[in-house]
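Engineer: my_file38.cif is reproduced below (mmCIF, C-alpha atoms).
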```cif
data_protein
#
loop_
_atom_site.group_PDB
_atom_site.id
_atom_site.type_symbol
_atom_site.label_atom_id
_atom_site.label_comp_id
_atom_site.auth_asym_id
_atom_site.auth_seq_id
_atom_site.Cartn_x
_atom_site.Cartn_y
_atom_site.Cartn_z
ATOM 1 C CA MET A 3 115.901 151.396 124.660
ATOM 2 C CA ARG A 4 113.721 150.073 121.903
ATOM 3 C CA ILE A 5 109.974 150.733 121.736
ATOM 4 C CA LEU A 6 107.490 148.771 119.646
ATOM 5 C CA GLY A 7 104.571 150.992 118.675
ATOM 6 C CA ILE A 8 101.306 149.374 117.590
ATOM 7 C CA ASP A 9 98.327 150.918 115.852
ATOM 8 C CA PRO A 10 95.843 148.088 116.486
ATOM 9 C CA GLY A 11 93.483 146.733 113.872
ATOM 10 C CA LEU A 12 92.089 143.653 112.182
ATOM 11 C CA ALA A 13 92.494 144.399 108.443
ATOM 12 C CA ILE A 14 95.653 146.415 108.998
ATOM 13 C CA VAL A 15 97.949 146.774 111.997
ATOM 14 C CA GLY A 16 100.625 149.444 112.009
ATOM 15 C CA TYR A 17 103.900 148.741 113.788
ATOM 16 C CA SER A 18 106.987 150.796 114.454
ATOM 17 C CA ILE A 19 110.385 150.169 115.994
ATOM 18 C CA LEU A 20 111.689 153.263 117.728
ATOM 19 C CA ASP A 21 115.148 153.420 119.283
ATOM 20 C CA VAL A 22 115.509 156.026 122.006
ATOM 21 C CA GLU A 23 118.476 157.185 124.029
ATOM 22 C CA GLY A 24 118.519 160.235 126.269
ATOM 23 C CA ASN A 25 116.435 162.772 124.392
ATOM 24 C CA ARG A 26 117.169 161.334 120.959
ATOM 25 C CA MET A 27 115.088 158.910 118.960
ATOM 26 C CA LYS A 28 115.412 157.101 115.672
ATOM 27 C CA ALA A 29 112.982 154.968 113.691
ATOM 28 C CA ALA A 30 114.656 151.589 113.145
ATOM 29 C CA ASN A 31 111.735 150.357 111.074
ATOM 30 C CA TYR A 32 107.994 150.654 110.531
ATOM 31 C CA GLY A 33 105.329 149.002 108.454
ATOM 32 C CA VAL A 34 102.015 147.203 108.539
ATOM 33 C CA ILE A 35 100.602 143.698 108.862
ATOM 34 C CA GLU A 36 97.545 143.147 106.709
ATOM 35 C CA THR A 37 94.865 140.461 106.688
ATOM 36 C CA ALA A 38 92.470 140.082 103.775
ATOM 37 C CA SER A 39 88.745 140.129 104.512
ATOM 38 C CA THR A 40 88.506 136.957 102.410
ATOM 39 C CA MET A 41 90.358 135.068 105.163
ATOM 40 C CA ASP A 42 88.315 133.413 107.912
ATOM 41 C CA PHE A 43 88.242 135.470 111.092
ATOM 42 C CA PRO A 44 90.115 132.901 113.254
ATOM 43 C CA ASP A 45 92.829 132.692 110.573
ATOM 44 C CA ARG A 46 93.156 136.482 110.557
ATOM 45 C CA LEU A 47 93.689 136.470 114.334
ATOM 46 C CA LYS A 48 96.239 133.665 114.000
ATOM 47 C CA PHE A 49 98.086 135.489 111.227
ATOM 48 C CA LEU A 50 98.241 138.746 113.209
ATOM 49 C CA TYR A 51 99.471 136.874 116.274
ATOM 50 C CA GLU A 52 102.178 135.011 114.400
ATOM 51 C CA GLU A 53 103.379 138.029 112.425
ATOM 52 C CA LEU A 54 103.568 140.163 115.536
ATOM 53 C CA ASN A 55 105.474 137.383 117.305
ATOM 54 C CA LEU A 56 107.964 137.362 114.409
ATOM 55 C CA ILE A 57 108.406 141.138 114.613
ATOM 56 C CA ILE A 58 109.041 140.904 118.358
ATOM 57 C CA LYS A 59 111.546 138.064 117.918
ATOM 58 C CA LYS A 60 113.319 139.965 115.155
ATOM 59 C CA TYR A 61 113.525 143.433 116.716
ATOM 60 C CA LYS A 62 113.533 142.478 120.404
ATOM 61 C CA PRO A 63 111.812 145.620 121.722
ATOM 62 C CA ASP A 64 111.982 146.455 125.443
ATOM 63 C CA GLU A 65 108.512 147.938 125.804
ATOM 64 C CA VAL A 66 105.297 148.177 123.817
ATOM 65 C CA ALA A 67 103.075 151.211 123.263
ATOM 66 C CA ILE A 68 99.622 150.588 121.799
ATOM 67 C CA GLU A 69 96.831 152.957 120.910
ATOM 68 C CA GLU A 70 93.503 152.652 122.712
ATOM 69 C CA LEU A 71 90.507 151.814 120.575
ATOM 70 C CA PHE A 72 88.371 154.718 119.596
ATOM 71 C CA PHE A 73 84.761 153.744 120.285
ATOM 72 C CA ASN A 74 82.830 154.781 117.244
ATOM 73 C CA LYS A 75 79.146 154.197 116.708
ATOM 74 C CA ASN A 76 79.533 150.812 115.069
ATOM 75 C CA VAL A 77 79.722 148.611 118.160
ATOM 76 C CA LYS A 78 79.973 145.439 116.100
ATOM 77 C CA THR A 79 83.072 146.715 114.300
ATOM 78 C CA ALA A 80 84.570 147.981 117.545
ATOM 79 C CA ILE A 81 84.151 144.551 119.140
ATOM 80 C CA LYS A 82 85.705 142.805 116.120
ATOM 81 C CA VAL A 83 88.716 145.093 116.303
ATOM 82 C CA GLY A 84 88.700 144.428 120.055
ATOM 83 C CA HIS A 85 89.226 140.723 119.301
ATOM 84 C CA ALA A 86 92.253 141.612 117.156
ATOM 85 C CA ARG A 87 93.661 144.033 119.708
ATOM 86 C CA GLY A 88 93.340 141.317 122.359
ATOM 87 C CA VAL A 89 95.506 139.038 120.238
ATOM 88 C CA GLU A 90 98.014 141.845 119.632
ATOM 89 C CA ILE A 91 98.292 142.487 123.374
ATOM 90 C CA LEU A 92 98.612 138.744 123.960
ATOM 91 C CA SER A 93 101.600 138.588 121.626
ATOM 92 C CA ALA A 94 103.396 141.258 123.649
ATOM 93 C CA SER A 95 102.371 139.630 126.908
ATOM 94 C CA MET A 96 103.496 136.129 125.845
ATOM 95 C CA ASN A 97 106.863 137.664 124.976
ATOM 96 C CA GLY A 98 107.196 139.103 128.479
ATOM 97 C CA LEU A 99 106.872 142.747 127.440
ATOM 98 C CA GLU A 100 105.248 145.526 129.444
ATOM 99 C CA ILE A 101 102.482 147.282 127.546
ATOM 100 C CA TYR A 102 101.512 150.930 127.727
ATOM 101 C CA GLU A 103 98.426 152.412 126.141
ATOM 102 C CA TYR A 104 97.576 155.883 124.942
ATOM 103 C CA THR A 105 94.325 157.409 123.753
ATOM 104 C CA PRO A 106 94.142 159.163 120.366
ATOM 105 C CA LEU A 107 93.844 162.435 122.299
ATOM 106 C CA GLN A 108 96.994 161.756 124.316
ATOM 107 C CA ILE A 109 98.873 160.932 121.117
ATOM 108 C CA LYS A 110 97.723 164.093 119.364
ATOM 109 C CA ASN A 111 98.719 166.152 122.376
ATOM 110 C CA ALA A 112 102.114 164.485 122.667
ATOM 111 C CA ILE A 113 102.967 164.898 118.991
ATOM 112 C CA THR A 114 101.518 168.310 118.162
ATOM 113 C CA GLY A 115 100.603 169.805 121.554
ATOM 114 C CA TYR A 116 97.093 170.138 120.201
ATOM 115 C CA GLY A 117 94.286 167.592 120.894
ATOM 116 C CA ARG A 118 92.326 168.506 117.803
ATOM 117 C CA ALA A 119 95.175 168.093 115.338
ATOM 118 C CA GLU A 120 94.304 166.610 111.957
ATOM 119 C CA LYS A 121 95.772 163.324 110.749
ATOM 120 C CA ASN A 122 98.043 165.041 108.235
ATOM 121 C CA GLN A 123 99.406 167.372 110.932
ATOM 122 C CA ILE A 124 100.328 164.353 113.058
ATOM 123 C CA GLN A 125 102.019 162.713 110.108
ATOM 124 C CA GLU A 126 103.938 165.864 109.204
ATOM 125 C CA MET A 127 105.148 166.133 112.807
ATOM 126 C CA VAL A 128 106.186 162.458 112.872
ATOM 127 C CA LYS A 129 108.248 163.075 109.729
ATOM 128 C CA ILE A 130 109.908 166.153 111.249
ATOM 129 C CA LEU A 131 110.508 164.611 114.689
ATOM 130 C CA LEU A 132 112.149 161.541 113.160
ATOM 131 C CA ASN A 133 114.025 163.388 110.423
ATOM 132 C CA LEU A 134 112.403 161.259 107.753
ATOM 133 C CA SER A 135 112.686 162.264 104.120
ATOM 134 C CA GLU A 136 108.995 161.521 103.520
ATOM 135 C CA ILE A 137 105.778 161.131 105.446
ATOM 136 C CA PRO A 138 105.658 157.480 106.564
ATOM 137 C CA LYS A 139 103.066 155.442 104.674
ATOM 138 C CA PRO A 140 100.519 153.997 105.077
ATOM 139 C CA ASP A 141 98.662 155.955 107.770
ATOM 140 C CA ASP A 142 98.708 152.984 110.116
ATOM 141 C CA ALA A 143 102.518 152.862 110.113
ATOM 142 C CA ALA A 144 102.642 156.613 110.788
ATOM 143 C CA ASP A 145 100.179 156.120 113.660
ATOM 144 C CA ALA A 146 102.342 153.349 115.063
ATOM 145 C CA LEU A 147 105.334 155.725 115.009
ATOM 146 C CA ALA A 148 103.202 158.385 116.703
ATOM 147 C CA VAL A 149 102.226 156.107 119.595
ATOM 148 C CA ALA A 150 105.861 155.040 120.074
ATOM 149 C CA ILE A 151 106.965 158.698 120.151
ATOM 150 C CA THR A 152 104.194 159.409 122.656
ATOM 151 C CA HIS A 153 105.546 156.664 124.884
ATOM 152 C CA PHE A 154 109.051 158.082 124.568
ATOM 153 C CA HIS A 155 107.730 161.462 125.722
ATOM 154 C CA SER A 156 105.960 159.799 128.647
ATOM 155 C CA LEU A 157 108.824 157.606 129.874
ATOM 156 C CA LYS A 158 109.336 159.574 133.106
ATOM 157 C CA HIS A 159 105.770 158.972 134.201
ATOM 158 C CA LYS A 160 105.062 155.863 132.162
ATOM 159 C CA GLU A 161 103.599 153.909 135.085
ATOM 160 C CA GLU A 162 100.485 156.042 134.665
ATOM 161 C CA PHE A 163 99.978 154.587 131.184
ATOM 162 C CA ARG A 164 100.763 150.939 131.896
ATOM 163 C CA LEU A 165 97.972 148.654 130.729
ATOM 164 C CA ARG A 166 96.446 147.106 133.837
ATOM 165 C CA MET B 7 83.169 113.341 118.157
ATOM 166 C CA ARG B 8 84.159 115.683 120.926
ATOM 167 C CA ILE B 9 82.938 119.283 121.114
ATOM 168 C CA LEU B 10 84.520 122.021 123.203
ATOM 169 C CA GLY B 11 81.878 124.568 124.218
ATOM 170 C CA ILE B 12 83.002 128.039 125.291
ATOM 171 C CA ASP B 13 81.040 130.750 127.058
ATOM 172 C CA PRO B 14 83.467 133.613 126.422
ATOM 173 C CA GLY B 15 84.474 136.136 129.047
ATOM 174 C CA LEU B 16 87.306 137.985 130.732
ATOM 175 C CA ALA B 17 86.658 137.446 134.461
ATOM 176 C CA ILE B 18 85.120 134.024 133.910
ATOM 177 C CA VAL B 19 85.112 131.715 130.896
ATOM 178 C CA GLY B 20 82.869 128.658 130.887
ATOM 179 C CA TYR B 21 84.040 125.562 129.072
ATOM 180 C CA SER B 22 82.472 122.182 128.408
ATOM 181 C CA ILE B 23 83.588 118.930 126.836
ATOM 182 C CA LEU B 24 80.707 117.184 125.125
ATOM 183 C CA ASP B 25 81.071 113.745 123.533
ATOM 184 C CA VAL B 26 78.520 113.031 120.837
ATOM 185 C CA GLU B 27 77.804 109.929 118.781
ATOM 186 C CA GLY B 28 74.772 109.434 116.566
ATOM 187 C CA ASN B 29 71.989 111.119 118.476
ATOM 188 C CA ARG B 30 73.535 110.589 121.884
ATOM 189 C CA MET B 31 75.633 112.986 123.882
ATOM 190 C CA LYS B 32 77.489 112.922 127.174
ATOM 191 C CA ALA B 33 79.255 115.640 129.159
ATOM 192 C CA ALA B 34 82.840 114.482 129.673
ATOM 193 C CA ASN B 35 83.633 117.549 131.757
ATOM 194 C CA TYR B 36 82.788 121.185 132.313
ATOM 195 C CA GLY B 37 84.049 124.062 134.415
ATOM 196 C CA VAL B 38 85.319 127.611 134.343
ATOM 197 C CA ILE B 39 88.560 129.541 133.985
ATOM 198 C CA GLU B 40 88.658 132.634 136.168
ATOM 199 C CA THR B 41 90.924 135.675 136.180
ATOM 200 C CA ALA B 42 90.963 138.085 139.109
ATOM 201 C CA SER B 43 90.340 141.759 138.390
ATOM 202 C CA THR B 44 93.463 142.467 140.468
ATOM 203 C CA MET B 45 95.585 140.934 137.698
ATOM 204 C CA ASP B 46 96.906 143.218 134.968
ATOM 205 C CA PHE B 47 94.831 143.008 131.794
ATOM 206 C CA PRO B 48 97.642 141.552 129.599
ATOM 207 C CA ASP B 49 98.267 138.883 132.273
ATOM 208 C CA ARG B 50 94.573 138.003 132.296
ATOM 209 C CA LEU B 51 94.645 137.493 128.523
ATOM 210 C CA LYS B 52 97.797 135.397 128.824
ATOM 211 C CA PHE B 53 96.281 133.288 131.601
ATOM 212 C CA LEU B 54 93.079 132.641 129.630
ATOM 213 C CA TYR B 55 95.085 131.732 126.544
ATOM 214 C CA GLU B 56 97.353 129.321 128.399
ATOM 215 C CA GLU B 57 94.558 127.663 130.381
ATOM 216 C CA LEU B 58 92.457 127.170 127.278
ATOM 217 C CA ASN B 59 95.482 125.711 125.489
ATOM 218 C CA LEU B 60 95.897 123.239 128.367
ATOM 219 C CA ILE B 61 92.221 122.235 128.182
ATOM 220 C CA ILE B 62 92.530 121.674 124.431
ATOM 221 C CA LYS B 63 95.732 119.621 124.830
ATOM 222 C CA LYS B 64 94.117 117.573 127.598
ATOM 223 C CA TYR B 65 90.714 116.848 126.049
ATOM 224 C CA LYS B 66 91.643 116.991 122.351
ATOM 225 C CA PRO B 67 88.271 118.238 121.066
ATOM 226 C CA ASP B 68 87.428 117.958 117.363
ATOM 227 C CA GLU B 69 85.451 121.176 117.045
ATOM 228 C CA VAL B 70 84.751 124.309 119.035
ATOM 229 C CA ALA B 71 81.407 126.039 119.623
ATOM 230 C CA ILE B 72 81.527 129.541 121.109
ATOM 231 C CA GLU B 73 78.760 131.947 122.035
ATOM 232 C CA GLU B 74 78.554 135.294 120.246
ATOM 233 C CA LEU B 75 78.950 138.363 122.401
ATOM 234 C CA PHE B 76 75.763 140.022 123.402
ATOM 235 C CA PHE B 77 76.152 143.741 122.736
ATOM 236 C CA ASN B 78 74.892 145.470 125.818
ATOM 237 C CA LYS B 79 74.905 149.190 126.378
ATOM 238 C CA ASN B 80 78.326 149.322 127.992
ATOM 239 C CA VAL B 81 80.513 149.481 124.875
ATOM 240 C CA LYS B 82 83.698 149.710 126.918
ATOM 241 C CA THR B 83 82.930 146.443 128.697
ATOM 242 C CA ALA B 84 81.875 144.785 125.437
ATOM 243 C CA ILE B 85 85.194 145.734 123.833
ATOM 244 C CA LYS B 86 87.170 144.430 126.837
ATOM 245 C CA VAL B 87 85.352 141.120 126.645
ATOM 246 C CA GLY B 88 85.977 141.251 122.882
ATOM 247 C CA HIS B 89 89.731 141.287 123.617
ATOM 248 C CA ALA B 90 89.317 138.159 125.746
ATOM 249 C CA ARG B 91 87.117 136.397 123.186
ATOM 250 C CA GLY B 92 89.737 137.141 120.528
ATOM 251 C CA VAL B 93 92.330 135.339 122.617
ATOM 252 C CA GLU B 94 89.934 132.433 123.220
ATOM 253 C CA ILE B 95 89.324 132.089 119.486
ATOM 254 C CA LEU B 96 93.072 132.333 118.872
ATOM 255 C CA SER B 97 93.681 129.389 121.196
ATOM 256 C CA ALA B 98 91.287 127.217 119.175
ATOM 257 C CA SER B 99 92.743 128.498 115.907
ATOM 258 C CA MET B 100 96.372 127.915 116.945
ATOM 259 C CA ASN B 101 95.367 124.347 117.811
ATOM 260 C CA GLY B 102 93.970 123.819 114.316
ATOM 261 C CA LEU B 103 90.320 123.577 115.373
ATOM 262 C CA GLU B 104 87.309 124.769 113.390
ATOM 263 C CA ILE B 105 85.177 127.241 115.327
ATOM 264 C CA TYR B 106 81.415 127.651 115.157
ATOM 265 C CA GLU B 107 79.503 130.475 116.788
ATOM 266 C CA TYR B 108 75.944 130.793 118.015
ATOM 267 C CA THR B 109 73.966 133.764 119.232
ATOM 268 C CA PRO B 110 72.236 133.677 122.641
ATOM 269 C CA LEU B 111 68.933 133.484 120.727
ATOM 270 C CA GLN B 112 70.064 130.471 118.683
ATOM 271 C CA ILE B 113 71.182 128.730 121.868
ATOM 272 C CA LYS B 114 67.892 129.390 123.637
ATOM 273 C CA ASN B 115 65.986 128.113 120.640
ATOM 274 C CA ALA B 116 68.143 125.006 120.315
ATOM 275 C CA ILE B 117 67.887 124.091 123.989
ATOM 276 C CA THR B 118 64.307 125.003 124.838
ATOM 277 C CA GLY B 119 62.663 125.685 121.478
ATOM 278 C CA TYR B 120 61.833 129.100 122.825
ATOM 279 C CA GLY B 121 63.899 132.242 122.152
ATOM 280 C CA ARG B 122 62.741 134.043 125.255
ATOM 281 C CA ALA B 123 63.584 131.268 127.688
ATOM 282 C CA GLU B 124 64.950 132.339 131.077
ATOM 283 C CA LYS B 125 68.432 131.388 132.250
ATOM 284 C CA ASN B 126 67.091 128.858 134.774
ATOM 285 C CA GLN B 127 64.974 127.181 132.077
ATOM 286 C CA ILE B 128 68.090 126.741 129.920
ATOM 287 C CA GLN B 129 69.969 125.293 132.864
ATOM 288 C CA GLU B 130 67.151 122.916 133.779
ATOM 289 C CA MET B 131 67.036 121.701 130.158
ATOM 290 C CA VAL B 132 70.829 121.229 130.069
ATOM 291 C CA LYS B 133 70.545 119.091 133.192
ATOM 292 C CA ILE B 134 67.736 116.987 131.686
ATOM 293 C CA LEU B 135 69.336 116.644 128.232
ATOM 294 C CA LEU B 136 72.622 115.476 129.726
ATOM 295 C CA ASN B 137 71.107 113.316 132.465
ATOM 296 C CA LEU B 138 72.978 115.215 135.145
ATOM 297 C CA SER B 139 72.042 114.782 138.778
ATOM 298 C CA GLU B 140 72.233 118.517 139.403
ATOM 299 C CA ILE B 141 72.121 121.774 137.484
ATOM 300 C CA PRO B 142 75.711 122.466 136.347
ATOM 301 C CA LYS B 143 77.333 125.306 138.250
ATOM 302 C CA PRO B 144 78.400 128.038 137.850
ATOM 303 C CA ASP B 145 76.159 129.606 135.182
ATOM 304 C CA ASP B 146 79.104 130.027 132.805
ATOM 305 C CA ALA B 147 79.783 126.275 132.792
ATOM 306 C CA ALA B 148 76.079 125.601 132.131
ATOM 307 C CA ASP B 149 76.192 128.132 129.277
ATOM 308 C CA ALA B 150 79.255 126.400 127.846
ATOM 309 C CA LEU B 151 77.347 123.098 127.892
ATOM 310 C CA ALA B 152 74.384 124.821 126.226
ATOM 311 C CA VAL B 153 76.474 126.127 123.329
ATOM 312 C CA ALA B 154 78.074 122.697 122.834
ATOM 313 C CA ILE B 155 74.617 121.062 122.771
ATOM 314 C CA THR B 156 73.481 123.713 120.285
ATOM 315 C CA HIS B 157 76.392 122.797 118.031
ATOM 316 C CA PHE B 158 75.511 119.113 118.335
ATOM 317 C CA HIS B 159 71.961 119.923 117.224
ATOM 318 C CA SER B 160 73.326 121.920 114.277
ATOM 319 C CA LEU B 161 75.913 119.429 113.024
ATOM 320 C CA LYS B 162 74.023 118.648 109.808
ATOM 321 C CA HIS B 163 74.088 122.275 108.729
ATOM 322 C CA LYS B 164 77.050 123.423 110.749
ATOM 323 C CA GLU B 165 78.747 125.185 107.844
ATOM 324 C CA GLU B 166 76.175 127.948 108.276
ATOM 325 C CA PHE B 167 77.559 128.636 111.759
ATOM 326 C CA ARG B 168 81.260 128.410 111.012
ATOM 327 C CA LEU B 169 83.132 131.491 112.184
ATOM 328 C CA ARG B 170 84.428 133.260 109.086
#
```
Would you mind writing the file out in structure tokens?

Structural biologist:
Amino acid sequence: MRILGIDPGLAIVGYSILDVEGNRMKAANYGVIETASTMDFPDRLKFLYEELNLIIKKYKPDEVAIEELFFNKNVKTAIKVGHARGVEILSASMNGLEIYEYTPLQIKNAITGYGRAEKNQIQEMVKILLNLSEIPKPDDAADALAVAITHFHSLKHKEEFRLR
Amino acid sequence: MRILGIDPGLAIVGYSILDVEGNRMKAANYGVIETASTMDFPDRLKFLYEELNLIIKKYKPDEVAIEELFFNKNVKTAIKVGHARGVEILSASMNGLEIYEYTPLQIKNAITGYGRAEKNQIQEMVKILLNLSEIPKPDDAADALAVAITHFHSLKHKEEFRLR
């Protein structure tokens, strides 16, 4: 089975393609989609939507795992990123894929067994778990791998995490 | 020129089709798109996107006016509605339309000349301005007419309100 992991965002969206079979997993690809802040907001949403559609058409994932938004103090920013995440979810939904979501805490726990793990600890674990020669860069791509691995670990009780 | 007005939302989206020429305007249609809370969230986004696409294909508006989200205290709700508004903006953007946004305050000022106007005052003014026999229902459709009228009033300096 192939999982598409998404670290949602407006300026930068991380994505990962994780192939899993039994208790083994392998990163088929990972990267980021970026939109410049000089682009008009509607064009940024359109670009994210179209790029994500292309990734889905190309890699044909079976399921999607996306990180929940962390609500920081800047509500305006959170809502803007919410617009982008809506479009990212739409892309998966228009392509007929089931979507599962995980909080940052759930991801940290799944990857390191420790909810207060630092970013670099997560990234180091992602590298080890996937047998990569280097820590995946940028951070957003590593985060997208982390959410896909989290979904892999949750497959037996995934219904609990389905986005409803 | 034909304006599509949108009162954004997740459970209910108001839309209006306003035809304007010189200093005259006429409501060609208005209504709402609703999604039940029993639907899965990704399906609600997909439904809103598809319905809005159908409205755009049917009425072929030239420009879109959409209300800005009011940031209330419930950040979680605001972010959910942000997801929906992102999809609504995407629909306009995918159809090649320019999008203009107005705050609730700007709409109140444009319609009644008074930023603290009550909802029923706005609705009464919408009815009068458009020569309707009754107050448009539900509220979300009336709000969608109000934002379209606001855009009509702002056409000469619309660039200021273009969503960037």

Engineer: Under the PyMOL selection byres ((chain B and resi 73-81) around 6), which residues of this model are included? Write them out as an MDAnalysis selection string.

Structural biologist: chainID B and resid 13 72 82:84 107:109

Engineer: Find the residue from B:Glu165, B:Asp49, B:Glu57, B:Glu124 that sits nearest to chain A; use all atoms listed in the file when measuring.

Structural biologist: B:Asp49

Engineer: Within 9 Å of chain B, which residues of chain A come that close, and what is the closest atom pair and distance in Å for each? Count all atoms listed in the file and give it as a tab-separated table.

Structural biologist:
```
residue	atom	partner	partner_atom	distance
A:Thr40	CA	B:Arg170	CA	8.7
A:Met41	CA	B:Arg170	CA	7.3
A:Asp42	CA	B:Arg170	CA	4.1
A:Phe43	CA	B:Arg170	CA	4.8
A:Pro44	CA	B:Ser99	CA	5.8
A:Asp45	CA	B:Ser99	CA	6.8
A:Leu47	CA	B:Leu96	CA	6.2
A:Lys48	CA	B:Leu96	CA	6.0
A:Tyr51	CA	B:Leu96	CA	8.3
A:Leu71	CA	B:Ile85	CA	8.7
A:Phe73	CA	B:Val81	CA	7.6
A:Val77	CA	B:Val81	CA	6.8
A:Lys78	CA	B:Phe77	CA	7.8
A:Ala80	CA	B:Ile85	CA	6.7
A:Ile81	CA	B:Ile85	CA	5.0
A:Lys82	CA	B:Gly88	CA	6.9
A:Val83	CA	B:Gly88	CA	8.1
A:Gly84	CA	B:His89	CA	4.9
A:His85	CA	B:Gly92	CA	3.8
A:Ala86	CA	B:Gly92	CA	6.1
A:Arg87	CA	B:His89	CA	6.2
A:Gly88	CA	B:His89	CA	3.8
A:Val89	CA	B:Val93	CA	5.4
A:Ile91	CA	B:Pro48	CA	6.3
A:Leu92	CA	B:Lys52	CA	6.0
A:Ser93	CA	B:Lys52	CA	8.7
A:Ala94	CA	B:Pro48	CA	8.3
A:Ser95	CA	B:Pro48	CA	5.8
A:Met96	CA	B:Lys52	CA	6.5
A:Glu100	CA	B:Pro48	CA	8.6
A:Ile101	CA	B:Pro48	CA	7.8
A:Leu165	CA	B:Phe47	CA	6.5
A:Arg166	CA	B:Asp46	CA	4.1
```

Engineer: Identify, on the basis of all atoms listed in the file, every residue whose closest approach to Ile117 (chain B) does not exceed 12 Å; exclude the query and any residue fewer than 2 positions from it along the same chain; express the result as an NGL selection string.

Structural biologist: :B and (110-115 or 119-136 or 148-149 or 151-160)

Engineer: Any idea what the distance is between CA of Glu40 (chain B) and CA of Asp146 (chain B)?

Structural biologist: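 Answer for the CA of Glu40 (chain B) to CA of Asp146 (chain B) separation: 10.5 Å.
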
Engineer: Rounded to one decimal place, report the CA of Gly11 (chain A)-CA of Gly33 (chain A) distance in Å.

Structural biologist: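 Separation between CA of Gly11 (chain A) and CA of Gly33 (chain A): 13.2 Å.
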
Engineer: Expanded to explicit residues, what is the PyMOL selection byres ((chain B and resi 20-29) around 7) for this file, as a PyMOL selection string?

Structural biologist: chain B and resi 7-14+18-19+30-39+146-147+149-151+154

Engineer: Kindly give the distance, in Å, that separates CA of Glu162 (chain A) and CA of Tyr102 (chain A), rounded to a single decimal.

Structural biologist: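 For CA of Glu162 (chain A) relative to CA of Tyr102 (chain A), the distance reads 8.7 Å.
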